[in-house]
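Engineer: This is entry.cif, which holds mmCIF, C-alpha atoms:
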```cif
data_data
loop_
_atom_site.group_PDB
_atom_site.id
_atom_site.type_symbol
_atom_site.label_atom_id
_atom_site.label_comp_id
_atom_site.auth_asym_id
_atom_site.auth_seq_id
_atom_site.Cartn_x
_atom_site.Cartn_y
_atom_site.Cartn_z
ATOM 1 C CA MET B 1 -15.395 -13.720 -12.728
ATOM 2 C CA ASN B 2 -18.133 -12.166 -10.672
ATOM 3 C CA ILE B 3 -17.915 -12.500 -6.900
ATOM 4 C CA ASP B 4 -21.255 -12.205 -5.144
ATOM 5 C CA GLN B 5 -21.734 -10.606 -1.756
ATOM 6 C CA ALA B 6 -22.499 -13.962 -0.113
ATOM 7 C CA LEU B 7 -19.074 -15.245 -1.113
ATOM 8 C CA VAL B 8 -17.381 -12.064 0.109
ATOM 9 C CA ASP B 9 -19.173 -12.453 3.439
ATOM 10 C CA ALA B 10 -18.125 -16.094 3.674
ATOM 11 C CA VAL B 11 -14.494 -15.191 3.004
ATOM 12 C CA LEU B 12 -14.544 -12.457 5.611
ATOM 13 C CA GLU B 13 -16.168 -14.835 8.111
ATOM 14 C CA ASP B 14 -13.649 -17.651 7.564
ATOM 15 C CA TRP B 15 -11.557 -17.686 4.397
ATOM 16 C CA GLU B 16 -10.259 -21.190 5.107
ATOM 17 C CA SER B 17 -13.731 -22.763 4.908
ATOM 18 C CA ALA B 18 -15.307 -20.374 2.363
ATOM 19 C CA PRO B 19 -16.387 -21.975 -0.945
ATOM 20 C CA VAL B 20 -13.576 -20.572 -3.101
ATOM 21 C CA SER B 21 -11.304 -22.341 -5.588
ATOM 22 C CA PRO B 22 -7.948 -23.765 -4.415
ATOM 23 C CA ARG B 23 -6.212 -21.008 -6.390
ATOM 24 C CA GLN B 24 -8.280 -18.273 -4.740
ATOM 25 C CA ARG B 25 -7.725 -19.833 -1.309
ATOM 26 C CA ALA B 26 -3.971 -19.815 -1.902
ATOM 27 C CA ALA B 27 -4.141 -16.126 -2.824
ATOM 28 C CA LEU B 28 -6.129 -15.406 0.338
ATOM 29 C CA ARG B 29 -3.495 -17.239 2.368
ATOM 30 C CA LEU B 30 -0.817 -15.091 0.737
ATOM 31 C CA LEU B 31 -2.746 -11.908 1.553
ATOM 32 C CA GLU B 32 -3.412 -12.932 5.145
ATOM 33 C CA THR B 33 0.252 -13.782 5.665
ATOM 34 C CA MET B 34 1.398 -10.508 4.102
ATOM 35 C CA THR B 35 -0.976 -8.524 6.281
ATOM 36 C CA VAL B 36 -0.855 -10.310 9.628
ATOM 37 C CA HIS B 37 2.395 -12.302 9.875
ATOM 38 C CA PRO B 38 4.796 -11.368 7.065
ATOM 39 C CA GLN B 39 7.680 -12.942 8.973
ATOM 40 C CA ASP B 40 6.285 -16.332 7.854
ATOM 41 C CA ILE B 41 7.019 -15.599 4.186
ATOM 42 C CA ASP B 42 9.939 -17.693 2.982
ATOM 43 C CA ALA B 43 10.877 -20.069 0.178
ATOM 44 C CA ALA B 44 8.826 -22.925 1.656
ATOM 45 C CA PHE B 45 5.772 -20.655 1.867
ATOM 46 C CA VAL B 46 6.133 -19.655 -1.783
ATOM 47 C CA THR B 47 6.541 -23.307 -2.771
ATOM 48 C CA SER B 48 3.275 -24.104 -0.984
ATOM 49 C CA LEU B 49 1.520 -21.351 -2.958
ATOM 50 C CA LYS B 50 2.856 -22.762 -6.219
ATOM 51 C CA ASP B 51 1.835 -26.290 -5.193
ATOM 52 C CA ALA B 52 -1.683 -24.876 -4.745
ATOM 53 C CA GLY B 53 -1.674 -23.743 -8.379
ATOM 54 C CA LEU B 54 -0.388 -20.156 -8.303
ATOM 55 C CA SER B 55 2.146 -19.012 -10.895
ATOM 56 C CA THR B 56 4.818 -16.437 -10.110
ATOM 57 C CA GLU B 57 2.680 -13.861 -11.942
ATOM 58 C CA ASP B 58 -0.426 -14.835 -9.941
ATOM 59 C CA ILE B 59 1.543 -14.355 -6.731
ATOM 60 C CA GLU B 60 3.042 -11.020 -7.787
ATOM 61 C CA GLU B 61 -0.307 -9.620 -8.904
ATOM 62 C CA ALA B 62 -2.170 -10.675 -5.752
ATOM 63 C CA ALA B 63 0.746 -9.393 -3.654
ATOM 64 C CA SER B 64 0.588 -6.086 -5.493
ATOM 65 C CA THR B 65 -3.039 -5.697 -4.417
ATOM 66 C CA GLY B 66 -2.048 -6.752 -0.905
ATOM 67 C CA PHE B 67 0.763 -4.228 -0.689
ATOM 68 C CA GLN B 68 -1.350 -1.418 -2.057
ATOM 69 C CA PHE B 69 -4.249 -1.977 0.299
ATOM 70 C CA ASN B 70 -1.947 -2.387 3.277
ATOM 71 C CA LEU B 71 -0.567 1.021 2.309
ATOM 72 C CA ILE B 72 -3.924 2.641 1.496
ATOM 73 C CA ASN B 73 -5.517 1.253 4.688
ATOM 74 C CA ARG B 74 -2.763 2.865 6.777
ATOM 75 C CA LEU B 75 -3.216 6.185 4.975
ATOM 76 C CA ALA B 76 -7.018 5.886 5.308
ATOM 77 C CA ASP B 77 -6.786 5.322 9.069
ATOM 78 C CA ALA B 78 -4.170 8.031 9.555
ATOM 79 C CA PHE B 79 -6.007 10.697 7.577
ATOM 80 C CA ASP B 80 -9.507 9.388 8.380
ATOM 81 C CA PHE B 81 -10.546 9.097 4.752
ATOM 82 C CA ASP B 82 -14.163 9.986 4.029
ATOM 83 C CA ILE B 83 -16.252 6.944 3.085
ATOM 84 C CA PRO B 84 -17.987 7.716 -0.220
ATOM 85 C CA SER B 85 -21.712 7.219 -0.779
ATOM 86 C CA GLU B 86 -22.851 4.014 -2.528
ATOM 87 C CA GLU B 87 -23.233 5.874 -5.842
ATOM 88 C CA GLY B 88 -19.917 7.585 -5.254
ATOM 89 C CA GLN B 89 -18.279 4.202 -4.596
ATOM 90 C CA ARG B 90 -19.606 2.836 -7.892
ATOM 91 C CA LYS B 91 -18.304 5.804 -9.875
ATOM 92 C CA GLN B 92 -15.016 5.820 -8.017
ATOM 93 C CA ALA B 93 -14.529 2.125 -8.789
ATOM 94 C CA VAL B 94 -14.943 2.927 -12.497
ATOM 95 C CA MET B 95 -12.391 5.747 -12.231
ATOM 96 C CA LEU B 96 -9.882 3.606 -10.373
ATOM 97 C CA GLN B 97 -10.243 0.880 -12.991
ATOM 98 C CA VAL B 98 -9.512 3.412 -15.738
ATOM 99 C CA MET B 99 -6.574 4.870 -13.816
ATOM 100 C CA GLY B 100 -5.253 1.374 -13.178
ATOM 101 C CA ARG B 101 -5.140 0.713 -16.896
ATOM 102 C CA LEU B 102 -3.328 4.019 -17.429
ATOM 103 C CA GLY B 103 -0.657 2.633 -15.102
ATOM 104 C CA GLY B 104 0.562 0.492 -17.985
ATOM 105 C CA ALA B 105 1.924 -3.031 -17.999
ATOM 106 C CA PRO B 106 4.275 -4.300 -15.286
ATOM 107 C CA PRO B 107 7.983 -4.108 -16.215
ATOM 108 C CA SER B 108 10.044 -7.184 -16.992
ATOM 109 C CA PRO B 109 11.774 -8.326 -14.923
ATOM 110 C CA SER B 110 9.309 -7.226 -12.282
ATOM 111 C CA TRP B 111 11.929 -6.921 -9.541
ATOM 112 C CA SER B 112 15.001 -4.850 -8.818
ATOM 113 C CA ALA B 113 17.433 -4.626 -5.930
ATOM 114 C CA GLY B 114 17.641 -1.402 -3.973
ATOM 115 C CA GLU B 115 20.767 0.258 -2.632
ATOM 116 C CA ASP B 116 20.114 -1.758 0.520
ATOM 117 C CA GLY B 117 20.315 -4.992 -1.498
ATOM 118 C CA LEU B 118 16.667 -5.937 -0.847
ATOM 119 C CA LEU B 119 14.439 -7.010 -3.732
ATOM 120 C CA ARG B 120 11.174 -5.250 -4.399
ATOM 121 C CA PRO B 121 8.930 -4.593 -7.411
ATOM 122 C CA VAL B 122 10.801 -2.199 -9.703
ATOM 123 C CA GLU B 123 8.458 0.701 -8.979
ATOM 124 C CA LEU B 124 8.738 0.209 -5.223
ATOM 125 C CA THR B 125 12.518 0.231 -5.339
ATOM 126 C CA LEU B 126 12.267 3.554 -7.201
ATOM 127 C CA ALA B 127 9.613 4.807 -4.771
ATOM 128 C CA ARG B 128 11.632 4.028 -1.672
ATOM 129 C CA GLU B 129 14.883 5.522 -2.894
ATOM 130 C CA HIS B 130 13.151 8.651 -4.215
ATOM 131 C CA LEU B 131 11.150 9.195 -1.002
ATOM 132 C CA LEU B 132 14.183 8.748 1.208
ATOM 133 C CA SER B 133 16.462 11.086 -0.733
ATOM 134 C CA THR B 134 14.382 13.865 -2.300
ATOM 135 C CA ASP B 135 13.930 17.311 -0.746
ATOM 136 C CA GLY B 136 10.779 17.780 1.281
ATOM 137 C CA GLU B 137 9.408 19.343 4.423
ATOM 138 C CA LEU B 138 11.355 16.892 6.607
ATOM 139 C CA GLU B 139 15.044 16.141 6.384
ATOM 140 C CA PRO B 140 15.611 13.006 4.284
ATOM 141 C CA ALA B 141 17.482 11.466 7.240
ATOM 142 C CA LEU B 142 14.327 11.703 9.354
ATOM 143 C CA ARG B 143 12.230 10.163 6.606
ATOM 144 C CA GLN B 144 14.774 7.327 6.439
ATOM 145 C CA ALA B 145 14.553 6.865 10.191
ATOM 146 C CA ILE B 146 10.747 6.760 10.148
ATOM 147 C CA GLU B 147 10.693 4.299 7.263
ATOM 148 C CA ALA B 148 13.227 2.079 9.048
ATOM 149 C CA HIS B 149 11.394 2.285 12.402
ATOM 150 C CA ALA B 150 8.115 1.195 10.794
ATOM 151 C CA ALA B 151 9.794 -1.592 8.804
ATOM 152 C CA ARG B 152 11.591 -2.939 11.883
ATOM 153 C CA ALA B 153 8.248 -3.070 13.711
ATOM 154 C CA TRP B 154 7.382 -5.902 11.291
ATOM 155 C CA GLY B 155 10.819 -7.516 11.374
ATOM 156 C CA GLY B 156 12.139 -5.741 8.288
ATOM 157 C CA GLN B 157 15.886 -5.529 7.700
ATOM 158 C CA ARG B 158 17.260 -2.004 7.860
ATOM 159 C CA SER B 159 20.757 -0.622 8.306
ATOM 160 C CA GLU B 160 21.930 -0.065 11.864
ATOM 161 C CA ALA B 161 23.360 3.232 10.643
ATOM 162 C CA VAL B 162 19.864 4.730 10.258
ATOM 163 C CA GLY B 163 19.071 6.911 13.282
ATOM 164 C CA GLY B 164 16.131 6.829 15.661
ATOM 165 C CA ILE B 165 12.958 8.905 15.543
ATOM 166 C CA PRO B 166 11.893 11.734 17.887
ATOM 167 C CA GLU B 167 9.860 10.689 20.899
ATOM 168 C CA ALA B 168 7.072 13.077 19.862
ATOM 169 C CA ILE B 169 6.233 10.929 16.845
ATOM 170 C CA THR B 170 7.092 7.458 18.167
ATOM 171 C CA GLU B 171 3.608 6.445 19.335
ATOM 172 C CA TYR B 172 2.061 7.753 16.109
ATOM 173 C CA VAL B 173 4.493 5.803 13.930
ATOM 174 C CA ASN B 174 4.147 2.665 16.060
ATOM 175 C CA ARG B 175 0.353 2.673 15.737
ATOM 176 C CA LEU B 176 0.535 3.531 12.043
ATOM 177 C CA ALA B 177 2.819 0.560 11.440
ATOM 178 C CA LEU B 178 1.242 -2.043 13.706
ATOM 179 C CA TYR B 179 -2.461 -1.188 14.150
ATOM 180 C CA ALA B 180 -3.380 1.920 12.220
ATOM 181 C CA TYR B 181 -7.068 1.554 13.127
ATOM 182 C CA ARG B 182 -6.070 2.709 16.627
ATOM 183 C CA LEU B 183 -4.889 6.120 15.402
ATOM 184 C CA THR B 184 -6.956 8.865 16.988
ATOM 185 C CA ASP B 185 -7.687 12.554 16.507
ATOM 186 C CA GLU B 186 -5.829 13.219 19.770
ATOM 187 C CA LEU B 187 -2.688 11.494 18.550
ATOM 188 C CA PHE B 188 -2.899 13.292 15.205
ATOM 189 C CA ASP B 189 -3.464 16.660 16.851
ATOM 190 C CA GLY B 190 -0.570 15.927 19.211
ATOM 191 C CA LEU B 191 1.787 15.999 16.265
ATOM 192 C CA LYS B 192 0.579 19.510 15.424
ATOM 193 C CA THR B 193 0.974 20.554 19.049
ATOM 194 C CA SER B 194 4.546 19.264 18.909
ATOM 195 C CA GLY B 195 5.175 21.679 16.053
ATOM 196 C CA TYR B 196 4.801 19.518 12.969
ATOM 197 C CA SER B 197 3.061 21.142 10.016
ATOM 198 C CA GLU B 198 0.414 19.295 7.985
ATOM 199 C CA ALA B 199 2.929 18.776 5.188
ATOM 200 C CA GLN B 200 5.408 17.285 7.657
ATOM 201 C CA ILE B 201 2.730 15.028 9.144
ATOM 202 C CA PHE B 202 1.952 13.845 5.641
ATOM 203 C CA GLU B 203 5.621 12.945 5.124
ATOM 204 C CA ILE B 204 5.826 11.171 8.488
ATOM 205 C CA THR B 205 2.717 9.188 7.574
ATOM 206 C CA LEU B 206 3.833 8.315 4.051
ATOM 207 C CA ALA B 207 7.300 7.192 5.185
ATOM 208 C CA GLY B 208 5.882 5.132 8.051
ATOM 209 C CA ALA B 209 3.090 3.560 5.996
ATOM 210 C CA LEU B 210 5.506 2.624 3.229
ATOM 211 C CA GLY B 211 8.100 1.201 5.617
ATOM 212 C CA ALA B 212 5.545 -1.012 7.341
ATOM 213 C CA SER B 213 4.005 -2.120 4.054
ATOM 214 C CA PHE B 214 7.341 -2.880 2.370
ATOM 215 C CA VAL B 215 8.345 -5.737 4.687
ATOM 216 C CA ALA B 216 5.993 -8.400 3.338
ATOM 217 C CA ILE B 217 6.810 -7.632 -0.276
ATOM 218 C CA GLU B 218 10.555 -7.644 0.461
ATOM 219 C CA ARG B 219 10.315 -11.115 2.001
ATOM 220 C CA LEU B 220 8.096 -12.330 -0.832
ATOM 221 C CA PHE B 221 10.357 -11.024 -3.607
ATOM 222 C CA GLU B 222 13.423 -12.494 -1.894
ATOM 223 C CA ALA B 223 11.674 -15.870 -1.814
ATOM 224 C CA LEU B 224 10.502 -15.540 -5.426
ATOM 225 C CA HIS B 225 13.570 -14.016 -7.075
ATOM 226 C CA GLY B 226 16.490 -14.033 -4.650
ATOM 227 C CA GLU B 227 18.320 -16.935 -6.310
ATOM 228 C CA THR B 228 17.791 -15.538 -9.802
ATOM 229 C CA CYS B 229 19.029 -12.130 -8.736
ATOM 230 C CA ARG B 230 22.197 -13.471 -7.149
ATOM 231 C CA ALA B 231 22.916 -15.705 -10.141
ATOM 232 C CA ALA B 232 22.664 -12.770 -12.568
ATOM 233 C CA MET O 233 -10.499 13.965 6.987
ATOM 234 C CA ARG O 234 -7.720 15.008 9.335
ATOM 235 C CA LEU O 235 -5.749 16.666 6.542
ATOM 236 C CA ASP O 236 -7.160 18.837 3.796
ATOM 237 C CA LEU O 237 -5.861 16.537 1.096
ATOM 238 C CA GLU O 238 -7.729 18.291 -1.703
ATOM 239 C CA SER O 239 -6.927 21.977 -1.417
ATOM 240 C CA GLY O 240 -3.859 21.638 0.796
ATOM 241 C CA GLY O 241 -1.776 19.796 -1.776
ATOM 242 C CA GLN O 242 1.060 21.073 -3.953
ATOM 243 C CA ARG O 243 -0.087 19.737 -7.290
ATOM 244 C CA PRO O 244 0.918 20.923 -10.753
ATOM 245 C CA TRP O 245 -1.943 22.029 -12.990
ATOM 246 C CA PRO O 246 -2.290 18.770 -14.991
ATOM 247 C CA LEU O 247 -2.984 16.901 -11.748
ATOM 248 C CA LYS O 248 -5.410 19.589 -10.610
ATOM 249 C CA LEU O 249 -7.198 19.236 -13.941
ATOM 250 C CA LEU O 250 -7.386 15.454 -13.568
ATOM 251 C CA LEU O 251 -8.826 15.734 -10.069
ATOM 252 C CA ALA O 252 -11.320 18.363 -11.225
ATOM 253 C CA GLY O 253 -12.448 15.936 -13.918
ATOM 254 C CA MET O 254 -12.955 13.250 -11.285
ATOM 255 C CA ARG O 255 -15.034 15.606 -9.186
ATOM 256 C CA ALA O 256 -17.141 16.547 -12.186
ATOM 257 C CA TYR O 257 -17.795 12.871 -12.982
ATOM 258 C CA ALA O 258 -18.334 11.404 -9.529
ATOM 259 C CA GLY O 259 -19.211 14.418 -7.416
ATOM 260 C CA GLU O 260 -16.257 13.652 -5.149
ATOM 261 C CA ILE O 261 -12.659 12.640 -5.578
ATOM 262 C CA PRO O 262 -11.547 9.230 -4.305
ATOM 263 C CA ALA O 263 -9.282 9.653 -1.292
ATOM 264 C CA PRO O 264 -6.444 7.383 -2.513
ATOM 265 C CA PRO O 265 -5.566 9.567 -5.533
ATOM 266 C CA LEU O 266 -5.893 12.640 -3.319
ATOM 267 C CA ALA O 267 -3.405 11.189 -0.842
ATOM 268 C CA ILE O 268 -1.016 9.892 -3.466
ATOM 269 C CA THR O 269 -0.895 13.254 -5.227
ATOM 270 C CA TYR O 270 -0.823 15.466 -2.107
ATOM 271 C CA ARG O 271 2.954 15.967 -2.377
ATOM 272 C CA PRO O 272 3.689 14.594 -5.841
ATOM 273 C CA ARG O 273 7.380 15.429 -5.758
ATOM 274 C CA LEU O 274 7.850 12.879 -2.972
ATOM 275 C CA LEU O 275 6.773 10.063 -5.227
ATOM 276 C CA HIS O 276 8.744 8.732 -8.148
ATOM 277 C CA PRO O 277 6.707 9.308 -11.345
ATOM 278 C CA ARG O 278 6.180 5.572 -11.845
ATOM 279 C CA VAL O 279 4.648 4.975 -8.435
ATOM 280 C CA PRO O 280 1.082 6.281 -8.964
ATOM 281 C CA GLY O 281 0.688 3.917 -11.915
ATOM 282 C CA TYR O 282 1.798 1.001 -9.751
ATOM 283 C CA ILE O 283 -0.575 1.982 -6.968
ATOM 284 C CA MET O 284 -3.471 2.365 -9.332
ATOM 285 C CA ARG O 285 -2.690 -0.933 -11.094
ATOM 286 C CA GLY O 286 -3.228 -2.667 -7.768
ATOM 287 C CA MET O 287 -6.760 -1.348 -7.661
ATOM 288 C CA SER O 288 -7.771 -2.701 -11.036
ATOM 289 C CA ALA O 289 -8.086 -6.095 -12.640
ATOM 290 C CA ARG O 290 -5.186 -7.012 -14.884
ATOM 291 C CA GLY O 291 -4.102 -10.334 -16.291
ATOM 292 C CA CYS O 292 -4.099 -13.000 -13.613
ATOM 293 C CA TRP O 293 -7.132 -12.199 -11.525
ATOM 294 C CA SER O 294 -10.605 -10.975 -12.470
ATOM 295 C CA LYS O 295 -12.035 -7.638 -11.371
ATOM 296 C CA GLY O 296 -14.228 -9.483 -8.861
ATOM 297 C CA GLU O 297 -11.277 -11.406 -7.455
ATOM 298 C CA SER O 298 -9.184 -8.226 -7.153
ATOM 299 C CA GLU O 299 -12.037 -6.531 -5.298
ATOM 300 C CA LEU O 300 -12.391 -9.566 -3.025
ATOM 301 C CA PHE O 301 -8.668 -9.423 -2.243
ATOM 302 C CA ALA O 302 -8.814 -5.706 -1.479
ATOM 303 C CA THR O 303 -11.867 -6.156 0.761
ATOM 304 C CA PHE O 304 -10.155 -9.059 2.519
ATOM 305 C CA VAL O 305 -7.017 -7.036 3.257
ATOM 306 C CA SER O 306 -9.075 -4.075 4.520
ATOM 307 C CA HIS O 307 -11.016 -6.494 6.749
ATOM 308 C CA LEU O 308 -7.795 -7.932 8.187
ATOM 309 C CA ASN O 309 -6.608 -4.394 8.877
ATOM 310 C CA THR O 310 -9.928 -3.512 10.562
ATOM 311 C CA CYS O 311 -10.136 -0.647 8.082
ATOM 312 C CA HIS O 312 -13.562 0.523 6.925
ATOM 313 C CA PHE O 313 -12.304 2.252 3.812
#
```
What's the structure tokens form of this structure?
Structural biologist:
Amino acid sequence: MNIDQALVDAVLEDWESAPVSPRQRAALRLLETMTVHPQDIDAAFVTSLKDAGLSTEDIEEAASTGFQFNLINRLADAFDFDIPSEEGQRKQAVMLQVMGRLGGAPPSPSWSAGEDGLLRPVELTLAREHLLSTDGELEPALRQAIEAHAARAWGGQRSEAVGGIPEAITEYVNRLALYAYRLTDELFDGLKTSGYSEAQIFEITLAGALGASFVAIERLFEALHGETCRAA
Amino acid sequence: MRLDLESGGQRPWPLKLLLAGMRAYAGEIPAPPLAITYRPRLLHPRVPGYIMRGMSARGCWSKGESELFATFVSHLNTCHF
């Protein structure tokens, strides 16, 4: 289905009144809730999406796009991604489509429980546990603390046993999690002044962006699959 | 960009080759793959595929709908990328 620019503009202006199908409007409601108020995701919310015509697969696939752009947007704002030219955007879209297909089919079941007991897409459970335990430029305990700090900023559940984060990175991680568009060169350079290398700043950013982006998908997967998981 | 994501990374040669191919095709490398592969050992091997799947049309939604969703999320985040 082709989406013309006028429809995109209408959705961005007011998605609730834009001339989209009920199914598309339900997906937009899911994406808005994931992005702006993930704490509202619960079983009743998922039921309302299904009543609007979305299947579990529809919800998971739209949520996958939502998660990934919430993550990519945070990385883009943190690192100040270059905006490609119009021709570059067209070619890059082709490449990303090809790479997306190389990603293969989603696993079945699509969900798995992490060591923390929270449900996420299988790959995200693997991603989180690998990121928080593997050797890197930062101690894994600090990466865990950053991930937890960013997740808690959105109401995510994290163990009380996870420590706090250094004051020198707190404002950076808070902005990254809550309003990444407010990250500035000064804040970024401040991390370097505090002694963090570029590789360490990358790890801080990745852990924080993932933690903040995980919360919505954790709440969604609990609402979608929590009963099934506990019955298994 | 605030980090040199292209030459500052620690990528094995197959990834470098892939990125070089992208540059040859498009003249520039999309930032998301550059960021995702900057420190590849931090990411479980199945994660890049998941990330990239989210940027392409699959079964439930058309390419146009997926692009609309991505644009909508970026708009909500006040992100110009």
Engineer: Write out as a ChimeraX atom specification which residues come within 12 Å of Phe79 of chain B when counting only C-alpha atoms, dropping same-chain ones fewer than 3 positions away.
Structural biologist: /B:72-76,82-83,176,180-181,183-185,187-189,198,201-202,204-206,209 /O:233-237,263-264,266-267,270,313
Engineer: Could you write out as a PyMOL selection string the residues that the PyMOL selection byres ((chain B and resi 219) around 10) matches in the shown file?
Structural biologist: chain B and resi 34+38-43+118-120+156-157+214-218+220-224+226
Engineer: Please write as a ChimeraX atom specification the full residue list that the PyMOL selection byres ((chain B and resi 27) around 9) yields on this file.
Structural biologist: /B:22-26,28-32,49,54,58-59,62-63 /O:301
Engineer: Expressed in Å to a single decimal, how great is the separation between atom CA of Arg271 of chain O and atom CA of Gly208 of chain B?
Structural biologist: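 These two atoms are separated by 15.3 Å.
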Engineer: Any idea what the distance is between atom CA of Ser294 of chain O and atom CA of Ser48 of chain B?
Structural biologist: 22.3 Å
Engineer: Could you list the residues chosen by the PyMOL selection byres ((chain O and resi 265) around 12) in this structure as a CSV table (one decimal) with C-alpha atoms, in the coordinates of the input?
Structural biologist:
```csv
chain,number,residue,atom,x,y,z
B,72,ILE,CA,-3.9,2.6,1.5
B,75,LEU,CA,-3.2,6.2,5.0
B,76,ALA,CA,-7.0,5.9,5.3
B,81,PHE,CA,-10.5,9.1,4.8
B,92,GLN,CA,-15.0,5.8,-8.0
B,95,MET,CA,-12.4,5.7,-12.2
B,96,LEU,CA,-9.9,3.6,-10.4
B,99,MET,CA,-6.6,4.9,-13.8
B,100,GLY,CA,-5.3,1.4,-13.2
O,237,LEU,CA,-5.9,16.5,1.1
O,238,GLU,CA,-7.7,18.3,-1.7
O,241,GLY,CA,-1.8,19.8,-1.8
O,243,ARG,CA,-0.1,19.7,-7.3
O,247,LEU,CA,-3.0,16.9,-11.7
O,248,LYS,CA,-5.4,19.6,-10.6
O,250,LEU,CA,-7.4,15.5,-13.6
O,251,LEU,CA,-8.8,15.7,-10.1
O,252,ALA,CA,-11.3,18.4,-11.2
O,254,MET,CA,-13.0,13.2,-11.3
O,255,ARG,CA,-15.0,15.6,-9.2
O,260,GLU,CA,-16.3,13.7,-5.1
O,261,ILE,CA,-12.7,12.6,-5.6
O,262,PRO,CA,-11.5,9.2,-4.3
O,263,ALA,CA,-9.3,9.7,-1.3
O,264,PRO,CA,-6.4,7.4,-2.5
O,266,LEU,CA,-5.9,12.6,-3.3
O,267,ALA,CA,-3.4,11.2,-0.8
O,268,ILE,CA,-1.0,9.9,-3.5
O,269,THR,CA,-0.9,13.3,-5.2
O,270,TYR,CA,-0.8,15.5,-2.1
O,271,ARG,CA,3.0,16.0,-2.4
O,272,PRO,CA,3.7,14.6,-5.8
O,279,VAL,CA,4.6,5.0,-8.4
O,280,PRO,CA,1.1,6.3,-9.0
O,281,GLY,CA,0.7,3.9,-11.9
O,283,ILE,CA,-0.6,2.0,-7.0
O,284,MET,CA,-3.5,2.4,-9.3
O,287,MET,CA,-6.8,-1.3,-7.7
```
Engineer: Have segment 15-26 of chain B completed to N, CA and C atoms, please, and pass it along as a PDB file, keeping the file's coordinate frame.
Structural biologist:
```pdb
ATOM      1  N   TRP B  15     -12.041 -17.446   5.764  1.00  0.00           N
ATOM      2  CA  TRP B  15     -11.557 -17.686   4.397  1.00  0.00           C
ATOM      3  C   TRP B  15     -11.127 -19.133   4.187  1.00  0.00           C
ATOM      4  N   GLU B  16     -10.756 -19.815   5.272  1.00  0.00           N
ATOM      5  CA  GLU B  16     -10.259 -21.190   5.107  1.00  0.00           C
ATOM      6  C   GLU B  16     -11.382 -22.166   4.768  1.00  0.00           C
ATOM      7  N   SER B  17     -12.615 -21.853   5.205  1.00  0.00           N
ATOM      8  CA  SER B  17     -13.731 -22.763   4.908  1.00  0.00           C
ATOM      9  C   SER B  17     -14.671 -22.197   3.836  1.00  0.00           C
ATOM     10  N   ALA B  18     -14.426 -20.986   3.374  1.00  0.00           N
ATOM     11  CA  ALA B  18     -15.307 -20.374   2.363  1.00  0.00           C
ATOM     12  C   ALA B  18     -15.238 -21.160   1.049  1.00  0.00           C
ATOM     13  N   PRO B  19     -16.348 -21.180   0.291  1.00  0.00           N
ATOM     14  CA  PRO B  19     -16.387 -21.975  -0.945  1.00  0.00           C
ATOM     15  C   PRO B  19     -15.683 -21.271  -2.118  1.00  0.00           C
ATOM     16  N   VAL B  20     -14.382 -21.173  -2.031  1.00  0.00           N
ATOM     17  CA  VAL B  20     -13.576 -20.572  -3.101  1.00  0.00           C
ATOM     18  C   VAL B  20     -12.726 -21.666  -3.743  1.00  0.00           C
ATOM     19  N   SER B  21     -12.149 -21.354  -4.899  1.00  0.00           N
ATOM     20  CA  SER B  21     -11.304 -22.341  -5.588  1.00  0.00           C
ATOM     21  C   SER B  21      -9.972 -22.494  -4.831  1.00  0.00           C
ATOM     22  N   PRO B  22      -9.269 -23.602  -5.065  1.00  0.00           N
ATOM     23  CA  PRO B  22      -7.948 -23.765  -4.415  1.00  0.00           C
ATOM     24  C   PRO B  22      -6.997 -22.607  -4.755  1.00  0.00           C
ATOM     25  N   ARG B  23      -7.091 -22.114  -5.975  1.00  0.00           N
ATOM     26  CA  ARG B  23      -6.212 -21.008  -6.390  1.00  0.00           C
ATOM     27  C   ARG B  23      -6.558 -19.731  -5.618  1.00  0.00           C
ATOM     28  N   GLN B  24      -7.857 -19.460  -5.507  1.00  0.00           N
ATOM     29  CA  GLN B  24      -8.280 -18.273  -4.740  1.00  0.00           C
ATOM     30  C   GLN B  24      -7.910 -18.418  -3.269  1.00  0.00           C
ATOM     31  N   ARG B  25      -8.050 -19.633  -2.729  1.00  0.00           N
ATOM     32  CA  ARG B  25      -7.725 -19.833  -1.309  1.00  0.00           C
ATOM     33  C   ARG B  25      -6.229 -19.604  -1.073  1.00  0.00           C
ATOM     34  N   ALA B  26      -5.415 -20.040  -2.035  1.00  0.00           N
ATOM     35  CA  ALA B  26      -3.971 -19.815  -1.902  1.00  0.00           C
ATOM     36  C   ALA B  26      -3.663 -18.315  -1.919  1.00  0.00           C
TER      37      ALA B  26
END
```
